[in-house]
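Next up, model-v1.cif (mmCIF, C-alpha atoms and all ligand atoms):
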data_upload
loop_
_atom_site.label_atom_id
_atom_site.label_comp_id
_atom_site.auth_asym_id
_atom_site.auth_seq_id
_atom_site.Cartn_x
_atom_site.Cartn_y
_atom_site.Cartn_z
CA MET Q 1 20.08 10.66 -14.46
CA ARG Q 2 19.47 9.22 -11.02
CA LYS Q 3 19.63 5.66 -9.78
CA ASP Q 4 17.25 4.15 -7.25
CA TYR Q 5 18.48 3.65 -3.67
CA LEU Q 6 18.41 -0.12 -4.14
CA LEU Q 7 17.26 -1.17 -7.58
CA ASN Q 8 19.45 -1.03 -10.66
CA ARG Q 9 16.88 1.34 -12.18
CA TRP Q 10 17.59 4.73 -13.71
CA VAL Q 11 15.38 7.74 -14.25
CA VAL Q 12 16.01 10.85 -16.32
CA MET Q 13 14.92 14.01 -14.53
CA ALA Q 14 13.74 15.91 -17.60
CA THR Q 15 13.38 19.32 -16.02
CA GLU Q 16 13.61 21.18 -19.33
CA ARG Q 17 10.15 19.74 -19.90
CA SER Q 18 9.44 21.13 -16.51
CA ARG Q 19 5.87 21.28 -15.43
CA ARG Q 20 4.33 22.37 -12.20
CA PRO Q 21 2.34 19.79 -10.25
CA THR Q 22 -0.84 21.77 -10.79
CA ASP Q 23 -0.38 21.37 -14.58
CA PHE Q 24 -1.26 17.71 -14.08
CA ALA Q 25 -4.65 18.48 -12.59
CA LYS Q 26 -7.33 17.03 -14.83
CA PRO Q 27 -11.03 17.80 -14.73
CA LYS Q 28 -12.90 15.11 -12.84
CA THR Q 29 -14.92 12.74 -14.92
CA GLU Q 30 -18.20 11.78 -13.34
CA ALA Q 31 -18.30 8.16 -12.30
CA ALA Q 32 -20.89 6.13 -14.15
CA LYS Q 33 -24.00 6.00 -12.04
CA GLY Q 34 -26.80 3.54 -11.99
CA ALA Q 35 -24.91 0.29 -11.49
CA VAL Q 36 -25.48 -1.34 -8.10
CA CYS Q 37 -22.36 -1.34 -5.93
CA PRO Q 38 -21.68 -4.88 -4.64
CA MET Q 39 -19.54 -3.46 -1.81
CA CYS Q 40 -22.24 -1.20 -0.34
CA VAL Q 41 -24.21 -2.12 2.78
CA GLY Q 42 -27.25 -4.21 1.91
CA ASN Q 43 -25.59 -5.85 -1.11
CA GLU Q 44 -23.47 -8.33 0.85
CA ASN Q 45 -25.13 -11.25 -0.95
CA MET Q 46 -23.53 -10.08 -4.22
CA THR Q 47 -20.10 -11.01 -2.79
CA PRO Q 48 -18.70 -14.19 -1.19
CA PRO Q 49 -19.06 -14.56 2.63
CA ALA Q 50 -16.59 -12.36 4.54
CA LEU Q 51 -13.37 -14.05 5.67
CA MET Q 52 -13.10 -11.44 8.38
CA LEU Q 53 -15.13 -8.46 9.45
CA TYR Q 54 -15.12 -5.83 12.15
CA LEU Q 55 -18.40 -4.74 13.65
CA LYS Q 56 -19.49 -2.63 16.55
CA GLU Q 57 -21.18 -4.53 19.37
CA ASP Q 58 -22.01 -3.07 22.81
CA GLY Q 59 -19.81 -0.07 22.01
CA LYS Q 60 -16.81 -2.32 21.28
CA ILE Q 61 -15.22 -3.37 18.01
CA LYS Q 62 -15.51 -7.09 17.47
CA LYS Q 63 -13.68 -9.24 14.92
CA THR Q 64 -15.76 -12.00 13.36
CA GLN Q 65 -16.65 -13.57 9.99
CA ASP Q 66 -19.70 -14.49 7.91
CA LEU Q 67 -21.11 -17.98 8.11
CA LEU Q 68 -20.61 -19.94 4.89
CA VAL Q 69 -24.37 -20.37 4.52
CA GLY Q 70 -27.22 -18.13 5.50
CA GLU Q 71 -27.52 -14.42 6.10
CA ARG Q 72 -24.47 -12.17 5.71
CA THR Q 73 -23.67 -9.65 8.45
CA LYS Q 74 -24.94 -6.14 7.61
CA ASN Q 75 -23.64 -3.90 10.42
CA TRP Q 76 -19.95 -4.23 9.53
CA LEU Q 77 -17.31 -1.50 9.65
CA VAL Q 78 -14.57 -3.21 7.60
CA ARG Q 79 -15.20 -6.30 5.52
CA CYS Q 80 -12.62 -8.66 4.00
CA ILE Q 81 -13.80 -11.01 1.25
CA PRO Q 82 -12.14 -13.40 -1.20
CA ASN Q 83 -11.77 -11.86 -4.67
CA LEU Q 84 -14.52 -13.22 -6.90
CA TYR Q 85 -11.99 -13.61 -9.75
CA PRO Q 86 -8.79 -14.56 -7.88
CA ALA Q 87 -5.43 -14.42 -9.64
CA PHE Q 88 -4.01 -16.78 -6.99
CA SER Q 89 -5.83 -19.63 -5.22
CA PRO Q 90 -4.99 -21.81 -2.20
CA PRO Q 91 -3.66 -25.33 -2.86
CA ASP Q 92 -6.06 -28.27 -2.58
CA GLN Q 93 -4.25 -29.47 0.52
CA PRO Q 94 -3.74 -26.56 2.95
CA GLN Q 95 -0.49 -27.96 4.34
CA GLU Q 96 0.97 -28.45 0.89
CA LYS Q 97 4.43 -26.97 0.54
CA THR Q 98 5.57 -28.66 -2.62
CA ARG Q 99 4.29 -28.45 -6.18
CA THR Q 100 3.91 -24.66 -6.00
CA VAL Q 101 6.77 -24.47 -8.48
CA THR Q 102 7.08 -27.52 -10.69
CA ASN Q 103 10.32 -26.50 -12.37
CA GLU Q 104 12.33 -23.36 -13.10
CA CYS Q 105 9.81 -21.83 -15.47
CA LEU Q 106 6.50 -23.39 -14.59
CA GLY Q 107 4.53 -23.07 -11.38
CA TYR Q 108 1.03 -23.04 -9.96
CA ALA Q 109 -0.47 -19.64 -9.07
CA VAL Q 110 -0.83 -20.71 -5.44
CA GLY Q 111 -1.81 -18.13 -2.87
CA HIS Q 112 -4.69 -15.90 -1.79
CA HIS Q 113 -6.42 -12.94 -3.37
CA GLU Q 114 -8.59 -10.87 -1.04
CA VAL Q 115 -10.44 -7.56 -1.06
CA ILE Q 116 -10.69 -5.28 1.96
CA ILE Q 117 -13.80 -3.10 1.83
CA GLU Q 118 -12.59 -0.13 3.82
CA SER Q 119 -15.87 1.36 4.95
CA PRO Q 120 -19.65 0.99 4.73
CA ASN Q 121 -19.50 4.51 3.18
CA HIS Q 122 -18.96 4.19 -0.56
CA ASP Q 123 -16.66 7.25 -0.81
CA GLU Q 124 -14.63 6.93 2.40
CA ASN Q 125 -11.21 6.91 0.74
CA PRO Q 126 -8.12 7.48 2.95
CA ALA Q 127 -7.69 11.17 2.02
CA ASP Q 128 -11.14 11.93 3.48
CA ALA Q 129 -11.64 9.04 5.89
CA GLU Q 130 -12.39 9.51 9.57
CA LEU Q 131 -9.20 8.60 11.44
CA PRO Q 132 -10.73 5.84 13.62
CA GLN Q 133 -12.07 4.20 10.44
CA LEU Q 134 -8.69 4.44 8.70
CA GLU Q 135 -7.06 2.90 11.79
CA ARG Q 136 -9.46 -0.04 11.43
CA VAL Q 137 -8.41 -0.48 7.79
CA ILE Q 138 -4.76 -0.65 8.85
CA LEU Q 139 -5.63 -3.07 11.66
CA ALA Q 140 -7.41 -5.19 9.05
CA TYR Q 141 -4.23 -5.20 6.90
CA ILE Q 142 -2.27 -6.38 9.96
CA ASP Q 143 -4.83 -9.06 10.84
CA ARG Q 144 -4.80 -10.46 7.33
CA VAL Q 145 -0.98 -10.48 7.17
CA LYS Q 146 -0.90 -12.35 10.51
CA GLU Q 147 -3.26 -15.00 9.19
CA LEU Q 148 -1.66 -15.38 5.75
CA ILE Q 149 1.94 -15.39 7.00
CA ALA Q 150 1.18 -18.58 8.95
CA LYS Q 151 0.43 -20.59 5.79
CA PRO Q 152 3.37 -22.76 4.77
CA TYR Q 153 3.12 -21.93 1.04
CA VAL Q 154 2.94 -18.12 1.47
CA LYS Q 155 6.29 -16.47 0.76
CA SER Q 156 5.22 -12.90 0.05
CA ILE Q 157 2.22 -10.65 0.76
CA SER Q 158 1.36 -7.63 -1.31
CA ILE Q 159 -1.16 -5.10 0.02
CA PHE Q 160 -2.12 -2.52 -2.56
CA ARG Q 161 -4.72 0.05 -3.43
CA ASN Q 162 -5.88 1.19 -6.88
CA TYR Q 163 -7.67 4.53 -6.80
CA GLY Q 164 -9.45 5.83 -9.87
CA GLN Q 165 -10.30 4.06 -13.09
CA GLN Q 166 -6.98 5.01 -14.73
CA ALA Q 167 -5.17 3.34 -11.85
CA GLY Q 168 -7.06 0.11 -12.42
CA ALA Q 169 -9.94 0.42 -9.96
CA SER Q 170 -12.94 -1.20 -11.61
CA LEU Q 171 -15.21 -0.45 -8.64
CA THR Q 172 -15.32 2.99 -7.02
CA HIS Q 173 -16.20 1.84 -3.48
CA ALA Q 174 -13.22 2.44 -1.13
CA HIS Q 175 -11.25 -0.81 -1.10
CA SER Q 176 -7.76 -2.33 -1.04
CA GLN Q 177 -6.53 -5.73 -2.17
CA ILE Q 178 -4.19 -8.32 -0.74
CA ILE Q 179 -2.38 -10.92 -2.80
CA ALA Q 180 -0.34 -13.59 -1.03
CA THR Q 181 1.99 -15.56 -3.29
CA SER Q 182 4.22 -18.60 -3.06
CA THR Q 183 7.01 -16.79 -4.94
CA ILE Q 184 8.68 -13.46 -4.17
CA PRO Q 185 7.88 -10.80 -6.79
CA LEU Q 186 10.70 -9.27 -8.85
CA ILE Q 187 10.97 -5.79 -7.28
CA LEU Q 188 10.70 -7.08 -3.74
CA GLN Q 189 13.39 -9.71 -4.39
CA ALA Q 190 15.68 -7.04 -5.86
CA GLU Q 191 15.15 -4.85 -2.75
CA LEU Q 192 15.78 -7.84 -0.47
CA ASP Q 193 19.02 -8.75 -2.29
CA ALA Q 194 20.32 -5.16 -2.39
CA SER Q 195 19.46 -4.41 1.25
CA LYS Q 196 21.15 -7.65 2.33
CA ALA Q 197 24.30 -6.74 0.39
CA PHE Q 198 24.28 -3.20 1.87
CA CYS Q 199 23.94 -4.57 5.39
CA LYS Q 200 26.78 -7.03 4.88
CA LYS Q 201 29.06 -4.27 3.61
CA ASN Q 202 28.08 -1.44 5.97
CA GLY Q 203 26.73 -3.23 9.03
CA LYS Q 204 23.43 -1.33 9.01
CA CYS Q 205 20.02 -1.22 7.40
CA VAL Q 206 19.91 0.75 4.15
CA PHE Q 207 16.43 2.13 4.92
CA CYS Q 208 17.48 3.40 8.36
CA ASP Q 209 20.32 5.11 6.48
CA ILE Q 210 17.91 6.57 3.87
CA ILE Q 211 15.66 7.92 6.68
CA GLU Q 212 18.61 9.71 8.21
CA ARG Q 213 19.68 11.25 4.90
CA GLU Q 214 16.21 12.20 3.63
CA SER Q 215 15.15 13.79 6.93
CA LYS Q 216 17.75 16.48 6.19
CA SER Q 217 17.13 16.69 2.44
CA PRO Q 218 14.91 18.97 0.32
CA ARG Q 219 12.90 15.84 -0.47
CA LEU Q 220 11.36 15.65 3.02
CA ILE Q 221 7.57 16.08 2.99
CA GLN Q 222 6.56 15.47 6.62
CA GLU Q 223 7.62 13.50 9.68
CA ASP Q 224 6.59 12.79 13.25
CA SER Q 225 8.15 10.59 15.92
CA ASP Q 226 7.00 7.38 14.17
CA PHE Q 227 6.96 7.98 10.40
CA ILE Q 228 8.78 9.93 7.70
CA VAL Q 229 7.35 10.86 4.28
CA PHE Q 230 9.64 11.87 1.43
CA ALA Q 231 9.81 12.00 -2.34
CA PRO Q 232 12.42 9.35 -3.24
CA TYR Q 233 15.67 10.57 -4.82
CA ALA Q 234 15.08 8.64 -8.07
CA SER Q 235 11.26 8.91 -8.22
CA ILE Q 236 9.94 7.46 -11.46
CA ASN Q 237 6.53 9.14 -11.14
CA PRO Q 238 5.64 12.82 -10.78
CA MET Q 239 4.47 13.42 -7.18
CA GLU Q 240 5.65 9.98 -5.97
CA PHE Q 241 6.20 9.65 -2.23
CA TRP Q 242 7.10 6.93 0.26
CA ILE Q 243 6.04 6.51 3.87
CA VAL Q 244 8.68 4.77 6.02
CA PRO Q 245 8.45 3.87 9.72
CA LYS Q 246 11.31 5.20 11.85
CA LYS Q 247 11.32 2.02 13.92
CA HIS Q 248 13.22 -0.72 12.11
CA ALA Q 249 10.86 -3.62 11.27
CA ALA Q 250 10.62 -5.92 8.25
CA ASN Q 251 6.81 -5.95 8.16
CA ILE Q 252 3.70 -4.57 9.84
CA VAL Q 253 2.71 -7.39 12.20
CA ASP Q 254 4.27 -5.82 15.31
CA LEU Q 255 2.87 -2.28 14.92
CA ASP Q 256 1.36 -1.16 18.24
CA ALA Q 257 -1.83 0.90 18.67
CA ASP Q 258 0.03 4.23 18.75
CA GLU Q 259 1.94 3.36 15.58
CA VAL Q 260 -1.26 2.31 13.80
CA SER Q 261 -2.76 5.61 14.79
CA ALA Q 262 0.30 7.59 13.65
CA PHE Q 263 0.38 5.69 10.35
CA ALA Q 264 -3.32 6.43 9.71
CA LYS Q 265 -2.71 10.11 10.31
CA THR Q 266 0.38 10.19 8.08
CA LEU Q 267 -1.35 8.29 5.27
CA LYS Q 268 -4.42 10.51 5.41
CA THR Q 269 -2.62 13.86 5.49
CA SER Q 270 -0.21 12.86 2.69
CA LEU Q 271 -2.96 11.59 0.39
CA LYS Q 272 -5.13 14.62 1.21
CA ALA Q 273 -2.28 16.94 0.19
CA LEU Q 274 -1.96 15.06 -3.11
CA LYS Q 275 -5.71 15.23 -3.64
CA ASP Q 276 -5.86 18.98 -2.95
CA LEU Q 277 -2.82 19.76 -5.06
CA VAL Q 278 -3.62 17.82 -8.24
CA ASN Q 279 -7.43 17.63 -8.24
CA ASP Q 280 -7.91 14.15 -6.78
CA PRO Q 281 -5.66 12.19 -9.18
CA PRO Q 282 -5.70 8.43 -9.70
CA TYR Q 283 -2.94 6.60 -7.82
CA ASN Q 284 -1.68 3.19 -6.79
CA TYR Q 285 0.00 2.39 -3.55
CA GLY Q 286 1.78 -0.77 -2.44
CA PHE Q 287 3.34 -2.00 0.78
CA HIS Q 288 6.76 -3.60 0.56
CA LEU Q 289 6.98 -6.20 3.33
CA ALA Q 290 9.43 -9.02 4.07
CA LEU Q 291 8.04 -12.14 5.74
CA ASN Q 292 11.15 -14.27 6.10
CA LYS Q 293 12.74 -14.02 9.55
CA LYS Q 294 16.16 -14.04 7.87
CA ALA Q 295 15.38 -10.59 6.42
CA LYS Q 296 14.53 -8.97 9.75
CA ASP Q 297 17.88 -7.23 10.24
CA HIS Q 298 18.38 -5.85 6.73
CA TYR Q 299 14.84 -5.24 5.42
CA HIS Q 300 12.62 -2.36 6.51
CA TRP Q 301 8.96 -2.18 5.45
CA HIS Q 302 7.56 0.88 3.68
CA LEU Q 303 4.66 2.10 1.59
CA GLU Q 304 5.27 3.43 -1.93
CA VAL Q 305 2.65 5.78 -3.41
CA TYR Q 306 2.58 6.24 -7.19
CA PRO Q 307 0.26 8.98 -8.47
CA LYS Q 308 -0.81 8.23 -12.04
CA LEU Q 309 -0.13 11.56 -13.70
CA SER Q 310 1.89 10.58 -16.75
CA ILE Q 311 1.68 7.70 -19.18
CA TRP Q 312 4.66 5.41 -19.56
CA ALA Q 313 5.22 4.97 -23.27
CA GLY Q 314 7.50 3.10 -25.66
CA PHE Q 315 10.82 4.07 -24.09
CA GLU Q 316 9.84 3.32 -20.48
CA ILE Q 317 7.96 0.13 -21.31
CA SER Q 318 10.60 -1.28 -23.65
CA THR Q 319 13.67 -0.37 -21.58
CA GLY Q 320 12.80 -0.07 -17.87
CA THR Q 321 14.47 3.36 -17.81
CA TYR Q 322 12.10 6.19 -16.90
CA ILE Q 323 11.61 9.87 -17.66
CA ASN Q 324 10.15 12.03 -14.91
CA THR Q 325 9.19 15.64 -15.62
CA ILE Q 326 8.93 16.70 -11.97
CA THR Q 327 11.92 16.40 -9.68
CA PRO Q 328 11.31 14.92 -6.23
CA GLU Q 329 12.56 18.21 -4.76
CA THR Q 330 9.68 20.07 -6.49
CA THR Q 331 7.23 17.31 -5.50
CA ALA Q 332 8.30 17.57 -1.86
CA ASP Q 333 8.15 21.36 -1.83
CA CYS Q 334 4.58 21.39 -3.20
CA LEU Q 335 3.25 18.53 -1.04
CA ARG Q 336 4.87 19.99 2.09
CA LYS Q 337 3.01 23.25 1.55
CA ALA Q 338 -0.27 21.42 0.85
CA ILE Q 339 -0.24 19.34 4.05
CA LYS Q 340 -2.88 20.27 6.56
CA PRO Q 341 -2.87 18.86 10.08
CA CYS Q 342 -5.87 16.68 10.88
CA GLY Q 343 -8.03 17.00 13.94
CA PRO Q 344 -7.72 15.14 17.23
CA ASN Q 345 -7.32 11.43 16.88
CA PHE Q 346 -9.51 8.92 18.66
CA ILE Q 347 -7.85 5.61 19.30
CA SER Q 348 -10.19 2.82 18.41
CA SER Q 349 -10.57 -0.11 20.72
CA ILE Q 350 -9.89 -3.10 18.52
CA SER Q 351 -7.81 -5.81 20.09
CA VAL Q 352 -5.41 -7.07 17.43
ZN ZN B 1 -20.41 1.16 -2.66
ZN ZN B 2 15.94 -0.18 9.09
ZN ZN B 3 10.20 -0.60 -1.91
#
Is it possible to give me this structure as structure tokens?
Ligand SMILES: [Zn+2]
Ligand SMILES: [Zn+2]
Ligand SMILES: [Zn+2]
Amino acid sequence: MRKDYLLNRWVVMATERSRRPTDFAKPKTEAAKGAVCPMCVGNENMTPPALMLYLKEDGKIKKTQDLLVGERTKNWLVRCIPNLYPAFSPPDQPQEKTRTVTNECLGYAVGHHEVIIESPNHDENPADAELPQLERVILAYIDRVKELIAKPYVKSISIFRNYGQQAGASLTHAHSQIIATSTIPLILQAELDASKAFCKKNGKCVFCDIIERESKSPRLIQEDSDFIVFAPYASINPMEFWIVPKKHAANIVDLDADEVSAFAKTLKTSLKALKDLVNDPPYNYGFHLALNKKAKDHYHWHLEVYPKLSIWAGFEISTGTYINTITPETTADCLRKAIKPCGPNFISSISV
């Protein structure tokens, strides 16, 4: 049994059930065709006006937005729209700080729920995306975090991606989602508390410590001067991996152009290795970010990628203890061998 670096969460490494990663490869089911994609170019009127969009103008990338009435912009590169069915909505009064939680067990679902359409090309998912386009997606994440972080009622921002129907993607067009909330979600709060306690006891950041240990471990998948990718010691999913920046920072707002570029490359090559190895499996990924300035010394942002290769059943769901049939050491070994370098990178010219 292994315990998570920070969470009080255990996983059984059930290697006697051992399976090779390739055993998880499933035949691809054809996506249902015929339905009109509301995220494709030309169908902008099927979605709300864009809160933010990038477009190319005079050879430069420009950041703008749709007007609330009238024609929607068609020549966009990345488009951010409000979710048509939001789980969280802004308060009636934008400056409102109170009333988000009325008492200990009742609150309003105050926040924002947005969709980032990652490309005009329906199938431009990160594993196959052109690097400059993937850089723009990451710049869009950063731009949205910068805007949402400034709202007085926003306490936490979750950026996540569902890929494949089994991972919860109802539309196949390449997209991510952002949910900003007025409360801090359970797992993030547990990481914040545990990293704070570690820092108090040891005088350093637990993630900086993990980077140092995992860079020398058999769980290392790839690294460059800016990012490290490894299969976490107590992975609860087969083929799970995390991407962690080497530079200590609590969230993504201060990433510079080189770091954005390095992150795009790391994300693409890691997801491409997963795609090649297990026949393009469904997955979810989620950024863990801390917004509160008080967390800046002890919290360290990262991206957790959860391939959806096994089904959590009665034991996992009813207890919160997990069974994983592939050790992170095997995951790392297979992904490491499947990584292919990507071609030369072109830095895009967005001013963030
Ligand atoms: Zn589409
Ligand atoms: Zn750190
Ligand atoms: Zn985390």
Using all atoms listed in the file: which of Q:Pro120, Q:Ala234, Q:Tyr283, Q:Val206 has the shortest distance to Ile326 in chain Q
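Once distances to Ile326 in chain Q are computed over all atoms listed in the file, the minimum belongs to Q:Ala234.
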Atom-to-atom span, CA of Ser235 in chain Q and CA of Lys155 in chain Q, Å:
27.4 Å
Would you pick out the contacts of range 291-302 of chain Q at 7 Å or less, using only C-alpha atoms, so that residues sharing its chain but fewer than 6 positions from it are not included, and give the list as a list in words?
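Counting only the stated atoms, we get Lys155, Ser156, Leu192, Ser195, Lys196, Cys199, Cys205, Phe207, Trp242, Ile243, Val244, Pro245, His248, Ala249, Ala250 and Asn251 of chain Q.
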Atoms kept (C-alpha atoms) for selection, written as a JSON list (two decimals), keeping the file's coordinate frame:
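To be explicit, this is the file written out as selection.json:
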[["chain", "number", "residue", "atom", "x", "y", "z"],
["Q", 155, "LYS", "CA", 6.29, -16.47, 0.76],
["Q", 156, "SER", "CA", 5.22, -12.90, 0.05],
["Q", 192, "LEU", "CA", 15.78, -7.84, -0.47],
["Q", 195, "SER", "CA", 19.46, -4.41, 1.25],
["Q", 196, "LYS", "CA", 21.15, -7.65, 2.33],
["Q", 199, "CYS", "CA", 23.94, -4.57, 5.39],
["Q", 205, "CYS", "CA", 20.02, -1.22, 7.40],
["Q", 207, "PHE", "CA", 16.43, 2.13, 4.92],
["Q", 242, "TRP", "CA", 7.10, 6.93, 0.26],
["Q", 243, "ILE", "CA", 6.04, 6.51, 3.87],
["Q", 244, "VAL", "CA", 8.68, 4.77, 6.02],
["Q", 245, "PRO", "CA", 8.45, 3.87, 9.72],
["Q", 248, "HIS", "CA", 13.22, -0.72, 12.11],
["Q", 249, "ALA", "CA", 10.86, -3.62, 11.27],
["Q", 250, "ALA", "CA", 10.62, -5.92, 8.25],
["Q", 251, "ASN", "CA", 6.81, -5.95, 8.16]]
Counting all atoms listed in the file, what residues are within 6 Å of ligand ZN 1 (chain B), given as a ChimeraX atom specification?
/Q:37,39-40,122,173
Calculate how many Å separate CA of Gln133 in chain Q from CA of Thr64 in chain Q, rounding to one decimal.
16.9 Å
Chain Q residues near ligand ZN 3 (chain B) within 8 Å, closest pair each, using only C-alpha atoms and all ligand atoms, as a Markdown table:
| residue | atom | partner | partner_atom | distance |
| --- | --- | --- | --- | --- |
| Q:Ile187 | CA | B:ZN3 | ZN | 7.5 |
| Q:Leu188 | CA | B:ZN3 | ZN | 6.8 |
| Q:Glu191 | CA | B:ZN3 | ZN | 6.6 |
| Q:Phe287 | CA | B:ZN3 | ZN | 7.5 |
| Q:His288 | CA | B:ZN3 | ZN | 5.2 |
| Q:Trp301 | CA | B:ZN3 | ZN | 7.6 |
| Q:His302 | CA | B:ZN3 | ZN | 6.4 |
| Q:Leu303 | CA | B:ZN3 | ZN | 7.1 |
| Q:Glu304 | CA | B:ZN3 | ZN | 6.4 |
Rounded to one decimal in Å, what is the spacing between CA of Lys275 in chain Q and CA of Thr330 in chain Q?
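CA of Thr330 in chain Q lies at a distance of 16.4 Å from CA of Lys275 in chain Q.
Residues with at least one atom no more than 10 Å from (-9.9, -7.1, 1.9), using all atoms listed in the file, are Ala50, Leu51, Met52, Leu53, Val78, Arg79, Cys80, Ile81, Pro82, Asn83, His113, Glu114, Val115, Ile116, Ile117, Glu118, Val137, Ala140, Tyr141, Arg144, Ile159, His175, Ser176, Gln177, Ile178 and Ile179 of chain Q.
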Neighbours of Tyr285 in chain Q within 7 Å (only C-alpha atoms; same-chain residues fewer than 6 positions away dropped), as a PyMOL selection string?
chain Q and resi 160-162+303-306
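All residues that come within 12 Å of the coordinates (16.9, 16.0, 3.1), counting only C-alpha atoms, are given as Asp209, Ile210, Ile211, Glu212, Arg213, Glu214, Ser215, Lys216, Ser217, Pro218, Arg219, Leu220, Ile221, Gln222, Glu223, Ile228, Val229, Phe230, Ala231, Pro232, Tyr233, Pro328, Glu329, Ala332 and Asp333 of chain Q.
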Smallest atom-to-atom distance to Pro38 in chain Q: which of Q:Thr172, Q:Thr319, Q:Ser270, Q:Phe198, using only C-alpha atoms?
Q:Thr172
Return the single residue from Q:Ile323, Q:Arg336, Q:Ala169, Q:Asn45 that is closest to Leu68 in chain Q, with distances computed using all atoms listed in the file.
Q:Asn45
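Remark: for Pro152 in chain Q, the closest of the candidate residues Q:Ala180, Q:Cys342, Q:Ile311, Q:Leu267 is Q:Ala180 (distances computed over all atoms listed in the file).
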Can you work out which one of Q:Cys208, Q:Ile236, Q:Asn202, Q:Pro126 has the shortest atom-to-atom distance to ligand ZN 2 (chain B), counting all atoms listed in the file?
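Closest to ligand ZN 2 (chain B), using all atoms listed in the file: Q:Cys208.
Of the residues under consideration (Q:Met13, Q:Cys334, Q:Ala290, Q:Leu131), Q:Leu131 shows the shortest atom-to-atom contact distance to Ala262 in chain Q when counting all atoms listed in the file.
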As a PyMOL selection string, please: the residues near Gly111 in chain Q (cut-off 8 Å, all atoms listed in the file, same-chain neighbours under 4 positions excluded).
chain Q and resi 88-91+153-154+179-182
